[in-house]
$ cat upload-v8.txt   # compact mmCIF, C-alpha atoms
# COMPACT_ATOMS: atom_id res chain seq x y z
CA MET A 280 11.14 -28.78 -51.66
CA LYS A 281 7.37 -29.08 -51.61
CA LYS A 282 7.60 -32.28 -49.56
CA THR A 283 9.79 -30.55 -46.94
CA SER A 284 7.40 -27.58 -46.73
CA LEU A 285 4.43 -29.90 -46.31
CA ILE A 286 6.10 -31.80 -43.47
CA ALA A 287 7.07 -28.53 -41.76
CA LEU A 288 3.50 -27.26 -42.07
CA ILE A 289 2.11 -30.46 -40.55
CA MET A 290 4.57 -30.25 -37.63
CA VAL A 291 3.69 -26.64 -36.91
CA THR A 292 -0.02 -27.46 -37.01
CA VAL A 293 0.36 -30.45 -34.66
CA PHE A 294 2.46 -28.37 -32.22
CA ALA A 295 -0.11 -25.58 -32.20
CA VAL A 296 -2.95 -28.02 -31.54
CA ALA A 297 -0.99 -29.62 -28.69
CA CYS A 298 -0.28 -26.26 -27.10
CA ALA A 299 -3.93 -25.31 -27.38
CA LYS A 300 -4.89 -28.52 -25.59
CA GLU A 301 -2.42 -27.79 -22.77
CA GLU A 302 -3.67 -24.24 -22.13
CA ALA A 303 -5.71 -24.01 -18.93
CA PRO A 304 -9.20 -22.65 -19.30
CA VAL A 305 -9.66 -19.02 -18.37
CA VAL A 306 -11.46 -18.67 -15.01
CA THR A 307 -13.89 -15.77 -15.27
CA GLU A 308 -16.16 -16.42 -12.28
CA GLN A 309 -14.79 -15.67 -8.80
CA PRO A 310 -14.26 -18.96 -6.91
CA ALA A 311 -15.87 -19.27 -3.49
CA PHE A 312 -13.81 -20.14 -0.43
CA GLY A 313 -13.54 -23.93 -0.42
CA GLU A 314 -13.68 -24.32 -4.21
CA ASP A 315 -10.38 -25.68 -5.52
CA ILE A 316 -10.23 -23.66 -8.71
CA PRO A 317 -6.85 -22.03 -9.50
CA GLY A 318 -6.15 -19.33 -12.01
CA TYR A 319 -8.77 -16.67 -11.26
CA ALA A 320 -7.18 -13.29 -11.94
CA GLY A 321 -10.01 -10.99 -10.98
CA PHE A 322 -8.60 -10.07 -7.58
CA SER A 323 -6.32 -7.04 -7.40
CA GLU A 324 -4.87 -7.93 -3.96
CA LEU A 325 -5.09 -11.75 -3.89
CA GLN A 326 -3.70 -14.62 -5.90
CA SER A 327 -4.17 -18.39 -5.81
CA TYR A 328 -1.91 -20.65 -3.76
CA THR A 329 -2.11 -24.44 -3.53
CA LEU A 330 -1.60 -26.39 -0.32
CA SER A 331 -1.71 -30.18 -0.18
CA PHE A 332 -2.62 -32.69 2.51
CA GLU A 333 -2.41 -36.46 1.94
CA GLY A 334 -2.49 -36.02 -1.82
CA GLN A 335 -5.49 -33.67 -1.87
CA ASP A 336 -4.88 -30.14 -3.15
CA THR A 337 -6.56 -27.16 -1.53
CA VAL A 338 -6.62 -23.91 -3.50
CA LEU A 339 -6.78 -20.68 -1.50
CA TYR A 340 -6.82 -17.06 -2.62
CA LEU A 341 -4.55 -15.11 -0.29
CA PRO A 342 -2.70 -11.76 -0.40
CA ALA A 343 -0.31 -11.64 -3.36
CA ASP A 344 3.30 -11.86 -2.22
CA GLU A 345 6.23 -12.83 -4.46
CA ALA A 346 8.32 -13.69 -1.38
CA ALA A 347 5.63 -15.80 0.30
CA TYR A 348 6.57 -18.99 2.13
CA ILE A 349 4.42 -21.84 0.82
CA GLY A 350 4.81 -25.25 2.43
CA ALA A 351 2.78 -28.39 1.93
CA THR A 352 0.14 -27.47 4.52
CA SER A 353 1.06 -23.94 5.57
CA ALA A 354 1.69 -20.48 4.16
CA ILE A 355 3.16 -17.25 5.50
CA ILE A 356 2.38 -14.19 3.40
CA ASN A 357 2.97 -10.47 3.83
CA ARG A 358 1.36 -7.67 1.86
CA ALA A 359 0.88 -3.98 2.69
CA GLY A 360 1.33 -4.44 6.45
CA VAL A 361 -0.88 -7.54 6.64
CA GLU A 362 0.75 -10.80 7.71
CA CYS A 363 -1.35 -13.83 6.79
CA LYS A 364 -0.53 -17.25 8.24
CA VAL A 365 -2.58 -20.24 7.08
CA ASN A 366 -2.54 -23.85 8.27
CA LEU A 367 -4.34 -26.68 6.49
CA ASN A 368 -5.52 -29.59 8.67
CA PRO A 369 -3.17 -28.69 11.57
CA MET A 370 -2.04 -31.36 14.00
CA TYR A 371 -3.39 -31.33 17.56
CA SER A 372 -2.56 -33.19 20.76
CA GLU A 373 -4.58 -36.28 21.69
CA ASP A 374 -6.70 -34.38 24.20
CA MET A 375 -7.51 -31.62 21.69
CA LYS A 376 -7.84 -33.30 18.29
CA ASP A 377 -11.52 -34.21 18.73
CA LYS A 378 -12.55 -30.86 20.23
CA GLY A 379 -14.56 -28.31 18.26
CA GLN A 380 -12.92 -25.40 16.47
CA ASP A 381 -14.24 -22.97 19.10
CA VAL A 382 -12.49 -24.91 21.89
CA LYS A 383 -9.28 -25.14 19.87
CA LEU A 384 -9.33 -21.40 19.25
CA SER A 385 -9.91 -20.70 22.95
CA GLU A 386 -6.87 -22.83 23.80
CA THR A 387 -4.81 -20.93 21.22
CA LEU A 388 -5.70 -17.62 22.88
CA LYS A 389 -4.81 -18.97 26.33
CA ARG A 390 -1.48 -20.30 25.10
CA GLU A 391 -0.48 -17.08 23.38
CA PHE A 392 -1.75 -14.47 25.82
CA GLU A 393 -2.42 -15.94 29.28
CA LYS A 394 0.95 -17.61 29.85
CA ASP A 395 2.79 -14.28 30.11
CA PRO A 396 0.37 -11.34 29.77
CA SER A 397 3.06 -8.94 31.00
CA ALA A 398 4.81 -9.44 27.66
CA PHE A 399 2.00 -7.42 26.04
CA THR A 400 1.20 -3.80 26.80
CA ASP A 401 -2.46 -2.68 26.85
CA LEU A 402 -3.58 -6.19 25.86
CA ALA A 403 -7.20 -6.72 24.83
CA VAL A 404 -8.56 -10.15 23.79
CA SER A 405 -12.11 -10.72 22.54
CA GLN A 406 -14.39 -13.67 23.12
CA VAL A 407 -14.54 -16.51 20.60
CA ASN A 408 -17.50 -15.86 18.28
CA PRO A 409 -19.21 -17.83 15.47
CA LEU A 410 -18.01 -16.86 12.00
CA GLY A 411 -20.85 -17.60 9.64
CA GLU A 412 -21.70 -21.29 9.29
CA LYS A 413 -18.15 -22.56 8.81
CA GLY A 414 -16.03 -21.32 11.67
CA PHE A 415 -15.15 -19.16 14.65
CA ASP A 416 -13.04 -16.07 15.14
CA ALA A 417 -11.48 -13.91 17.87
CA GLN A 418 -9.34 -10.78 17.89
CA ALA A 419 -6.53 -9.47 20.06
CA SER A 420 -4.66 -6.17 20.13
CA TYR A 421 -1.65 -4.95 22.10
CA LEU A 422 1.28 -2.55 22.10
CA SER A 423 5.02 -3.04 22.37
CA PHE A 424 7.74 -0.46 22.86
CA ASP A 425 10.40 -0.13 20.17
CA ASP A 426 13.68 0.76 21.90
CA ALA A 427 15.28 1.84 18.62
CA THR A 428 12.68 4.49 17.79
CA LYS A 429 11.45 5.08 21.39
CA THR A 430 7.86 4.77 20.23
CA TYR A 431 5.02 2.31 20.75
CA VAL A 432 4.06 -0.11 17.97
CA GLY A 433 0.58 -1.62 17.84
CA GLU A 434 -0.52 -5.00 16.53
CA TRP A 435 -4.02 -6.27 15.81
CA VAL A 436 -4.54 -9.99 15.32
CA ASP A 437 -7.55 -11.83 13.90
CA TYR A 438 -7.84 -15.60 14.33
CA MET A 439 -10.27 -17.38 11.98
CA TYR A 440 -10.75 -21.15 12.26
CA PHE A 441 -12.81 -22.76 9.48
CA THR A 442 -14.17 -26.25 8.79
CA LEU A 443 -15.15 -26.75 5.15
CA ASP A 444 -18.11 -28.87 4.03
CA ASP A 445 -15.89 -31.83 3.19
CA GLY A 446 -14.18 -31.75 6.62
CA ARG A 447 -11.00 -29.92 5.70
CA VAL A 448 -9.81 -27.52 8.40
CA VAL A 449 -8.26 -24.17 7.42
CA ASN A 450 -6.97 -21.88 10.17
CA PHE A 451 -6.07 -18.26 9.48
CA ARG A 452 -4.14 -15.76 11.57
CA LEU A 453 -4.06 -12.19 10.26
CA LYS A 454 -1.80 -9.63 11.88
CA VAL A 455 -1.66 -5.90 11.19
CA ASN A 456 1.40 -3.99 12.43
CA SER A 457 1.03 -0.22 12.86
CA SER A 458 4.59 0.47 11.71
CA GLN A 459 3.98 -1.35 8.42
CA GLU A 460 0.47 -0.21 7.53
CA THR A 461 -0.01 1.51 4.20
CA GLU A 462 -2.93 3.03 2.32
CA GLN A 463 -3.32 -0.40 0.70
CA THR A 464 -3.74 -2.31 3.98
CA GLN A 465 -7.50 -1.88 4.17
CA ALA A 466 -7.94 -2.98 0.55
CA VAL A 467 -6.06 -6.23 1.23
CA ILE A 468 -8.23 -6.97 4.27
CA ALA A 469 -11.45 -6.06 2.45
CA GLN A 470 -10.71 -8.32 -0.49
CA LEU A 471 -9.76 -11.25 1.72
CA ALA A 472 -13.00 -10.77 3.66
CA GLU A 473 -14.91 -10.78 0.36
CA TYR A 474 -13.30 -14.07 -0.70
CA LEU A 475 -13.88 -15.74 2.69
CA ASP A 476 -17.40 -14.29 2.83
CA VAL A 477 -16.90 -12.97 6.37
CA THR A 478 -16.53 -9.67 8.16
CA ILE A 479 -12.99 -8.85 9.28
CA PRO A 480 -13.52 -6.11 11.88
CA TYR A 481 -10.43 -3.97 11.40
CA ASP A 482 -10.61 -0.19 11.19
CA ALA A 483 -7.77 1.73 9.57
CA GLN A 484 -7.52 4.13 12.53
CA PHE A 485 -7.72 1.51 15.27
CA LEU A 486 -4.02 1.03 16.07
CA LYS A 487 -3.20 4.73 15.70
CA GLN A 488 -5.91 5.56 18.23
CA LYS A 489 -4.78 2.77 20.57
CA ILE A 490 -1.23 4.14 20.59
CA ALA A 491 -2.35 7.76 21.00
CA SER A 492 -4.63 7.00 23.94
CA TYR A 493 -2.18 4.86 25.92
CA GLU A 494 -0.44 6.45 28.91
CA PRO A 495 2.36 4.40 30.55
CA ASP A 496 2.74 4.45 34.32
CA GLU A 497 5.81 5.97 35.97
CA GLY A 498 7.80 2.72 36.03
CA GLU A 499 7.07 1.90 32.41
CA ALA A 500 7.90 5.44 31.30
CA LYS A 501 11.26 5.19 33.13
CA LYS A 502 12.00 1.92 31.36
CA ASN A 503 11.07 3.46 28.02
CA ASP A 504 13.67 6.19 28.60
CA ALA A 505 16.31 3.65 29.62
CA THR A 506 18.99 2.09 27.44
CA ALA A 507 18.55 -1.58 26.54
CA VAL A 508 21.68 -3.70 27.14
CA ASN A 509 21.59 -7.12 25.48
CA MET A 510 23.62 -9.77 27.28
CA ASP A 511 23.38 -13.15 25.57
CA ASP A 512 20.07 -14.60 26.76
CA LEU A 513 18.79 -11.57 28.70
CA THR A 514 18.27 -7.84 28.26
CA PHE A 515 18.69 -5.32 31.08
CA TYR A 516 17.75 -1.62 31.07
CA ILE A 517 20.11 1.09 32.31
CA PRO A 518 18.15 4.16 33.47
CA ASP A 519 18.53 7.61 32.01
CA GLY A 520 21.43 9.49 33.62
CA TYR A 521 23.93 6.65 33.33
CA SER A 522 26.26 6.36 30.34
CA LEU A 523 28.65 3.68 29.18
CA ASP A 524 32.29 4.29 30.18
CA THR A 525 34.18 2.60 27.35
CA ILE A 526 37.64 3.05 28.90
CA SER A 527 36.71 1.48 32.24
CA THR A 528 34.76 -1.23 30.41
CA GLY A 529 37.88 -2.17 28.47
CA LEU A 530 40.04 -2.26 31.59
CA ALA A 531 37.47 -4.35 33.49
CA GLN A 532 37.18 -6.79 30.61
CA GLU A 533 40.97 -7.29 30.70
CA TYR A 534 41.62 -7.46 34.45
CA LEU A 535 38.41 -8.41 36.30
CA GLY A 536 38.31 -12.06 35.22
CA PRO A 537 41.92 -12.89 36.17
CA PHE A 538 41.53 -11.04 39.49
CA ALA A 539 38.33 -12.90 40.39
CA GLY A 540 39.72 -16.19 39.13
CA ILE A 541 36.76 -16.82 36.81
CA GLU A 542 35.97 -16.33 33.15
CA ILE A 543 33.59 -13.41 32.64
CA LYS A 544 31.69 -12.17 29.60
CA ASP A 545 29.92 -9.04 28.39
CA VAL A 546 31.50 -6.63 30.89
CA LYS A 547 29.99 -3.15 30.76
CA MET A 548 30.58 -0.24 33.16
CA PHE A 549 28.33 2.80 33.50
CA GLY A 550 28.95 6.14 35.25
CA ASN A 551 26.24 8.41 36.60
CA GLU A 552 25.65 12.02 35.54
CA GLY A 553 29.02 12.54 33.92
CA ARG A 554 31.04 10.84 36.68
CA SER A 555 33.24 8.25 35.02
CA ALA A 556 33.13 4.72 36.32
CA GLY A 557 36.84 4.98 37.16
CA ASN A 558 36.41 8.14 39.22
CA ASP A 559 36.97 7.39 42.92
CA GLU A 560 34.45 10.05 43.91
CA GLY A 561 31.76 8.86 41.51
CA ASP A 562 29.20 6.09 41.45
CA PHE A 563 29.35 3.26 38.96
CA ILE A 564 27.34 0.23 37.90
CA MET A 565 28.94 -2.81 36.29
CA LEU A 566 27.23 -5.65 34.42
CA PHE A 567 28.84 -8.94 33.47
CA SER A 568 28.02 -12.61 33.16
CA THR A 569 29.81 -15.84 34.03
CA ASP A 570 29.22 -19.57 33.91
CA GLU A 571 31.67 -20.27 36.75
CA LEU A 572 29.88 -19.26 39.97
CA GLY A 573 28.47 -22.73 40.47
CA LEU A 574 24.84 -21.56 40.51
CA THR A 575 22.26 -23.02 38.13
CA SER A 576 18.55 -22.31 37.89
CA GLY A 577 17.93 -26.06 37.62
CA GLN A 578 19.50 -26.75 40.99
CA LEU A 579 17.91 -23.74 42.65
CA GLY A 580 14.53 -24.72 41.23
CA GLU A 581 14.62 -27.96 43.22
CA LEU A 582 15.04 -26.15 46.56
CA ASN A 583 12.27 -25.06 48.92
CA ALA A 584 12.10 -21.60 50.51
CA GLY A 585 14.17 -22.60 53.53
CA GLU A 586 16.89 -24.18 51.42
CA LEU A 587 17.01 -21.13 49.16
CA SER A 588 17.47 -18.94 52.23
CA THR A 589 20.40 -21.12 53.28
CA VAL A 590 22.02 -20.65 49.86
CA SER A 591 21.56 -16.90 50.17
CA GLY A 592 23.17 -16.92 53.63
CA MET A 593 26.15 -18.95 52.40
CA LEU A 594 26.70 -16.57 49.49
CA LYS A 595 26.41 -13.56 51.82
CA LYS A 596 28.97 -15.04 54.22
CA GLU A 597 31.38 -15.89 51.41
CA MET A 598 31.19 -12.34 50.05
CA GLU A 599 31.74 -10.84 53.54
CA ASN A 600 34.78 -13.09 54.12
CA SER A 601 36.28 -11.88 50.84
CA MET A 602 35.82 -8.27 52.01
CA PRO A 603 36.89 -8.11 55.70
CA GLY A 604 34.90 -5.59 57.73
CA SER A 605 31.99 -5.48 55.31
CA LYS A 606 28.37 -6.03 56.27
CA LEU A 607 25.83 -7.41 53.77
CA SER A 608 22.13 -8.23 53.84
CA GLY A 609 20.72 -10.66 51.33
CA THR A 610 17.63 -12.32 49.89
CA ILE A 611 16.97 -14.90 47.18
CA GLU A 612 13.86 -15.30 45.06
CA ARG A 613 12.39 -16.87 41.97
CA ILE A 614 11.95 -14.61 38.94
CA ASP A 615 9.01 -15.71 36.77
CA GLY A 616 10.06 -16.59 33.24
CA ILE A 617 13.74 -15.94 33.99
CA GLY A 618 15.17 -18.14 36.77
CA HIS A 619 16.35 -17.01 40.20
CA GLY A 620 17.74 -13.83 41.72
CA VAL A 621 19.96 -13.04 44.67
CA LYS A 622 20.21 -9.54 46.19
CA LEU A 623 23.10 -8.50 48.41
CA PHE A 624 23.44 -4.90 49.63
CA GLY A 625 26.03 -3.64 52.07
CA THR A 626 28.30 -0.99 53.55
CA ASN A 627 32.03 -0.73 54.16
CA LEU A 628 32.78 -3.06 51.26
CA SER A 629 36.31 -3.26 49.87
CA ASP A 630 38.18 -4.08 46.69
CA ASP A 631 41.64 -5.53 46.13
CA ASP A 632 43.27 -2.11 46.68
CA GLY A 633 41.67 -1.71 50.10
CA LYS A 634 39.33 1.01 48.87
CA ARG A 635 36.09 1.19 50.86
CA TYR A 636 32.67 1.79 49.38
CA ASP A 637 28.97 1.15 49.86
CA GLY A 638 26.93 -0.73 47.28
CA GLY A 639 25.76 -4.18 46.38
CA PHE A 640 25.68 -7.23 44.15
CA LEU A 641 22.58 -8.53 42.41
CA PHE A 642 22.70 -11.93 40.71
CA VAL A 643 20.27 -13.19 38.08
CA VAL A 644 20.67 -16.93 37.51
CA ARG A 645 19.33 -18.34 34.25
CA GLY A 646 20.32 -21.83 33.20
CA THR A 647 24.00 -22.24 33.98
CA THR A 648 24.79 -18.53 33.55
CA THR A 649 24.84 -15.93 36.33
CA TYR A 650 24.35 -12.29 35.35
CA VAL A 651 25.85 -9.87 37.87
CA ILE A 652 24.84 -6.26 38.60
CA ALA A 653 27.52 -4.71 40.83
CA ALA A 654 27.48 -1.09 41.97
CA GLU A 655 29.37 1.18 44.35
CA THR A 656 29.32 4.67 45.80
CA PRO A 657 31.94 6.17 48.16
CA VAL A 658 31.37 5.44 51.86
CA GLY A 659 29.21 8.18 53.36
CA SER A 660 28.32 9.72 49.99
CA GLY A 661 24.65 9.81 50.97
CA ARG A 662 23.74 8.22 47.64
CA LEU A 663 23.44 4.57 48.70
CA ASP A 664 19.64 4.52 48.79
CA GLN A 665 19.49 6.14 45.36
CA LEU A 666 22.03 3.62 44.06
CA LYS A 667 20.04 0.72 45.51
CA ASP A 668 16.91 2.00 43.74
CA THR A 669 18.84 2.11 40.47
CA MET A 670 20.14 -1.42 40.95
CA GLU A 671 16.65 -2.67 41.78
CA PHE A 672 15.32 -1.00 38.64
CA ILE A 673 17.93 -2.74 36.45
CA TYR A 674 17.24 -6.05 38.19
CA ASP A 675 13.46 -5.71 37.82
CA SER A 676 13.75 -4.66 34.16
CA VAL A 677 15.28 -7.97 33.01
CA GLU A 678 13.66 -9.59 29.99
CA ALA A 679 14.35 -12.87 28.25
CA ASN A 680 15.56 -12.45 24.67
$ encode --input "upload-v8.txt" --output "structure tokens"
Amino acid sequence: MKKTSLIALIMVTVFAVACAKEEAPVVTEQPAFGEDIPGYAGFSELQSYTLSFEGQDTVLYLPADEAAYIGATSAIINRAGVECKVNLNPMYSEDMKDKGQDVKLSETLKREFEKDPSAFTDLAVSQVNPLGEKGFDAQASYLSFDDATKTYVGEWVDYMYFTLDDGRVVNFRLKVNSSQETEQTQAVIAQLAEYLDVTIPYDAQFLKQKIASYEPDEGEAKKNDATAVNMDDLTFYIPDGYSLDTISTGLAQEYLGPFAGIEIKDVKMFGNEGRSAGNDEGDFIMLFSTDELGLTSGQLGELNAGELSTVSGMLKKEMENSMPGSKLSGTIERIDGIGHGVKLFGTNLSDDDGKRYDGGFLFVVRGTTTYVIAAETPVGSGRLDQLKDTMEFIYDSVEAN
């Protein structure tokens, strides 16, 4: 009995000593940015994360997030309305890899904001500035309109590109979203700035003031009041005053394709100011898409202006032949970031029942799909110009999803 107790005591003692040896030392001094020391628990808003490049670990203290994405050389973290993206030793193209961090940051800003500045409302982008002795930074801010809430949302972005003493490159992108800000947001930013030993120039009231001071022009305000209609790869906006006619939409979905001899998708019909789309005395607008018109943006993109005009004329003639007695005028154009568009307006048009109307057909060609905006008003209603303006608005409102 004594022998068994002695052995048990020895085993317990050995196990305790082994555990003590395995325990990591307590880190009591705050690590500086660039020091690979994990385990410091003195931050209230940050925690340590480890990234690795070619077998070398890099320890960074970033906003604490239990749902963070941590890859080998990148991290995406969200906390209190602050999104933090980090890249360790990012890859660059041959012509950029030997450039300085300031040049690389300038190219990042051009790529994100100069390619399609119309995608950002009230966009402001700063110059690239030195960030202490280890890097460069730049900020951008902009608004976007949330169709669900019918309000503007602001975002502020801070790019910080660092080169550590041993040559490691660490790029940060911080983003603050006005709809996700909390009372804790500023504390997260302040503590990250303390760790990086930099100034992060974000003010808690900045985005609120940016939203409050922005006044959209008439066209933008009209689009804000419109209803977004998602159609596969594109979104169109139907102006205020038109409402979806579900009955006529269902009938069109069932009968329009077989009548036209093509497969159609996403049919939607809208009536104006209470007039149903099926009302012979009312105006209506119909949207649908098809892959069977034989138009592709790739083919159209290879044509010059004269050849495009020929295509427009052929389409106009084909439509007139299908509606004897009608008269159409048409144009074709390139739509930046979308594809191509064809506009056909006319009078004395007809349908399969011999009914006459005024209206038009607008085509937006993207890839192999053609999106059609068709509209009609009774002949002599006096509303054709107004209808054309509405069609043009829907056509001009198109956005890529």
$ residues_around --input "upload-v8.txt" --residues "segment 601-611 of chain A" --least-positions-apart "6" --cutoff "8 Å" --atoms "all atoms listed in the file" --output "list of chain:residue names"
A:Leu587, A:Ser588, A:Ser591, A:Gly592, A:Lys595, A:His619, A:Gly620, A:Val621, A:Lys622, A:Leu623, A:Phe624, A:Gly625, A:Thr626, A:Asn627, A:Leu628, A:Ser629, A:Asp630
$ closest_residue --input "upload-v8.txt" --among "A:Leu523, A:Leu475, A:Val306, A:Ala469" --to "Val546 of chain A" --atoms "all atoms listed in the file"
A:Leu523
$ residues_around --input "upload-v8.txt" --residues "Ala483 of chain A" --least-positions-apart "4" --cutoff "9 Å" --atoms "only C-alpha atoms" --output "VMD selection string"
chain A and resid 460 462 464 to 465 487
$ atom_distance --input "upload-v8.txt" --atom1 "atom CA of Gly577 of chain A" --atom2 "atom CA of Gly618 of chain A"
8.4 Å
$ atom_distance --input "upload-v8.txt" --atom1 "atom CA of Lys667 of chain A" --atom2 "atom CA of Met598 of chain A"
17.8 Å
$ closest_residue --input "upload-v8.txt" --among "A:Ala320, A:Leu641, A:Val455, A:Ile617" --to "Val361 of chain A" --atoms "only C-alpha atoms"
A:Val455
